[in-house]
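Trainee: Just dropping this structure here.
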Amino acid sequence: THITVNEKTRMVDISAMKRAISSRTCVLVASAPQFPHGIIDPVQDVAQLGLKYGLPVHVDCCLGGFLLPFMEKAGFPLPTFDFRVPGVTSISADTHKYGFAPKGSSVVMYRNKELRSRQFFVQPDWPGGMYGSPTFSGSRPGSIVAACWATLMHFGEDGYIDSTKKIISSTRYIANRLKSVPEIFIFGEPLVSVVGIGSNVFNIYRLFEALVEKGWNLNSLQFPASLHLCVTLLHTKTGVADKFVLDIEDSIKEIMKNPNAECIGAGAIYGFAQGIPDRSLINDVAEAFLNACYTTKSPASSNGALAVLNGDAAKV
Ligand SMILES: Cc1ncc(COP(=O)(O)O)c(C=O)c1O
């Protein structure tokens with residue numbers, strides 16, 4: 001069940017989470033931070049609920065896994081979000097995000113061995129031999145594990161503290177500058193690396209389109225309509241943050257010449273898709289898109305067989 005977030009802070013609504021707990025609840029999840037607007041949930045409150053109702057509490061630290069643990073040493077202390085909080089039972093951290101390791105590597109940590117055992121798959125009676133796999137997937141590439149380990153060793157704690165310092169200070173600089181642009185607003189208090197932007201004055205997807213045109217790689221978001229910048233090391237280079245703010249200010253000047261103009265391009269599709277009440281139609285479109293990604297031109301002899309490729313989840 002997706003629990004609603006507070007409209008202003010964008011943090012999970014703890015009373016709503018409490019009300020949603022039933023005999024069918026198997027785990028509570030908190031984000032540190034969540035993807036859309038980069039907001040950290042009140043992990044300690046979620047953990048308290050977990051303790052009270054005897055439920056495991058997972059902290060999704062996929063995005064923040066290589067930022068949050070270094071923030072204190074980087075000079076940006078935060079409320080504790082990890083195993084120091086009683087009640088937190090597992091944490092995920094993506095090495096392939098701010099750990100800078102190759103995609104396909106990630107980490108899930110458990111408070112104890114008993115919980116970790118639950119992720120194993122064991123089949124002692126298989127005619128192919130006694131089968132035991134530590135993860136959901138069977139065969140996995142050792143090359144990615146090796147490259148991930150090499151990356152961790154290359155950066156080391158000092159390297160991650162340094163990247164955290166640069167990324168957090170750039171994010172907060174951008175967020176603070178944008179807070180004084182009257183036509184837009186920032187979602188909640190972005191403490192980590194994502195700045196979510198909305199507007200009550202014009203269609204925010206027009207700003208998205210204008211910025212993409214200027215070469216920025218942003219994410220458009222929905223419910224509510226918004227966009228975000230996910231700050232990486234590239235954005236911490238001299239002048240980049242200022243250029244981003246300047247491009248936003250220039251784009252808004254242009255937009256405000258006709259604030260009610262319609263949005264065109266991908267932004268228009270996003271705006272339109274949000275307004276369709278039958279969400280199954282969006283599912284159908286997404287499936288058609290993914291099927292198109294998998295479809296190859298069939299050689300005349302293969303009778304229309306489809307090739308299946310391994311790929312990333314695609315954002316439609
Ligand atoms: C907060 C959060 N959790 C989980 C994920 C999923 O990560 P992946 O795409 O590596 O499965 C993401 C991806 O951006 C994320 O931001």
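FYI, nothing fancy with the structure tokens labels: chains A, B, ... in order, residues from 1 per chain, ligands from 1 as they appear.
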Kindly provide, as number ranges by chain, all nucleotide and amino acid residues lying within 10 Å of ligand 1, counting only C-alpha atoms and all ligand atoms.
Mentor: A: 30-40, 59-65, 92-97, 103-106, 194, 230, 312-315
Trainee: Quick one: write out the picked residues with C-alpha atoms as a PDB file, in the first residue's frame?
Mentor:
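Everything below was put into selection23.pdb:
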ATOM      1  CA  ALA A  30      10.670   4.460   4.722  1.00  0.00           C
ATOM      2  CA  SER A  31      12.614   6.334   2.033  1.00  0.00           C
ATOM      3  CA  ALA A  32      15.939   8.006   2.697  1.00  0.00           C
ATOM      4  CA  PRO A  33      15.430   9.877   0.450  1.00  0.00           C
ATOM      5  CA  GLN A  34      12.561   9.236  -1.961  1.00  0.00           C
ATOM      6  CA  PHE A  35      13.144   9.645  -5.702  1.00  0.00           C
ATOM      7  CA  PRO A  36      10.621  12.336  -6.759  1.00  0.00           C
ATOM      8  CA  HIS A  37      11.536  15.256  -4.512  1.00  0.00           C
ATOM      9  CA  GLY A  38      14.526  13.920  -2.579  1.00  0.00           C
ATOM     10  CA  ILE A  39      12.787  14.028   0.809  1.00  0.00           C
ATOM     11  CA  ILE A  40      13.854  11.841   3.743  1.00  0.00           C
ATOM     12  CA  VAL A  59      14.842   1.790   4.766  1.00  0.00           C
ATOM     13  CA  ASP A  60      15.077   2.418   1.018  1.00  0.00           C
ATOM     14  CA  CYS A  61      18.429   4.147   0.909  1.00  0.00           C
ATOM     15  CA  CYS A  62      19.023   3.157  -2.741  1.00  0.00           C
ATOM     16  CA  LEU A  63      19.456   6.726  -3.900  1.00  0.00           C
ATOM     17  CA  GLY A  64      21.072   8.038  -0.721  1.00  0.00           C
ATOM     18  CA  GLY A  65      23.153   4.985   0.207  1.00  0.00           C
ATOM     19  CA  SER A  92      19.130  -1.052   0.654  1.00  0.00           C
ATOM     20  CA  ALA A  93      21.923   1.061  -0.850  1.00  0.00           C
ATOM     21  CA  ASP A  94      22.693   1.267  -4.560  1.00  0.00           C
ATOM     22  CA  THR A  95      26.383   1.054  -5.315  1.00  0.00           C
ATOM     23  CA  HIS A  96      25.491   1.901  -8.914  1.00  0.00           C
ATOM     24  CA  LYS A  97      24.126   5.318  -8.019  1.00  0.00           C
ATOM     25  CA  LYS A 103      24.790  -0.763 -13.049  1.00  0.00           C
ATOM     26  CA  GLY A 104      23.660  -4.169 -11.909  1.00  0.00           C
ATOM     27  CA  SER A 105      25.298  -3.894  -8.489  1.00  0.00           C
ATOM     28  CA  SER A 106      23.465  -3.009  -5.310  1.00  0.00           C
ATOM     29  CA  VAL A 194      17.429  16.049  -5.474  1.00  0.00           C
ATOM     30  CA  CYS A 230      19.217  14.979  -9.461  1.00  0.00           C
ATOM     31  CA  ASP A 312      17.119  -1.642 -17.756  1.00  0.00           C
ATOM     32  CA  ALA A 313      13.699  -0.703 -16.562  1.00  0.00           C
ATOM     33  CA  ALA A 314      12.713   2.091 -18.905  1.00  0.00           C
ATOM     34  CA  LYS A 315      11.064   5.276 -17.759  1.00  0.00           C
TER      35      LYS A 315
END
Trainee: Identify, on the basis of only C-alpha atoms, every residue whose closest approach to Val181 (chain A) does not exceed 10 Å; exclude the query and any residue fewer than 6 positions from it along the same chain; express the result as an MDAnalysis selection string.
Mentor: chainID A and resid 245 248:249 252
Trainee: Grab the residues selected above and save them as an mmCIF file, in the first residue's frame with C-alpha atoms.
Mentor:
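See selection_1.cif below for the written result:
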data_model
loop_
_atom_site.group_PDB
_atom_site.id
_atom_site.type_symbol
_atom_site.label_atom_id
_atom_site.label_comp_id
_atom_site.auth_asym_id
_atom_site.auth_seq_id
_atom_site.Cartn_x
_atom_site.Cartn_y
_atom_site.Cartn_z
ATOM 1 C CA VAL A 245 19.754 28.688 -12.087
ATOM 2 C CA ILE A 248 15.735 28.507 -15.172
ATOM 3 C CA GLU A 249 15.414 32.267 -14.733
ATOM 4 C CA ILE A 252 10.731 31.525 -16.862
#
Trainee: Compare A:Tyr131, A:Trp216, A:Trp149, A:Tyr205 by their minimum atom-to-atom distance to Val107 (chain A), counting only C-alpha atoms, and give me the closest one.
Mentor: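 With only C-alpha atoms as the atom set, the closest residue is A:Trp149.
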Trainee: Would you give me, as a PyMOL selection string, the residues in region 211-265 of chain A that DSSP reads as strand (DSSP E or B)?
Mentor: chain A and resi 219-221+226-230
Trainee: Rank A:Val46, A:Ile161, A:Met130, A:Ile3 by their smallest atom-to-atom distance to Val88 (chain A), using only C-alpha atoms, and report the top residue only.
Mentor: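 Distance minimum relative to Val88 (chain A) lands on A:Val46.
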Trainee: With distances taken over only C-alpha atoms, which of A:Arg206, A:Lys113, A:Arg140, A:His2 is nearest to Ala16 (chain A)?
Mentor: A:His2
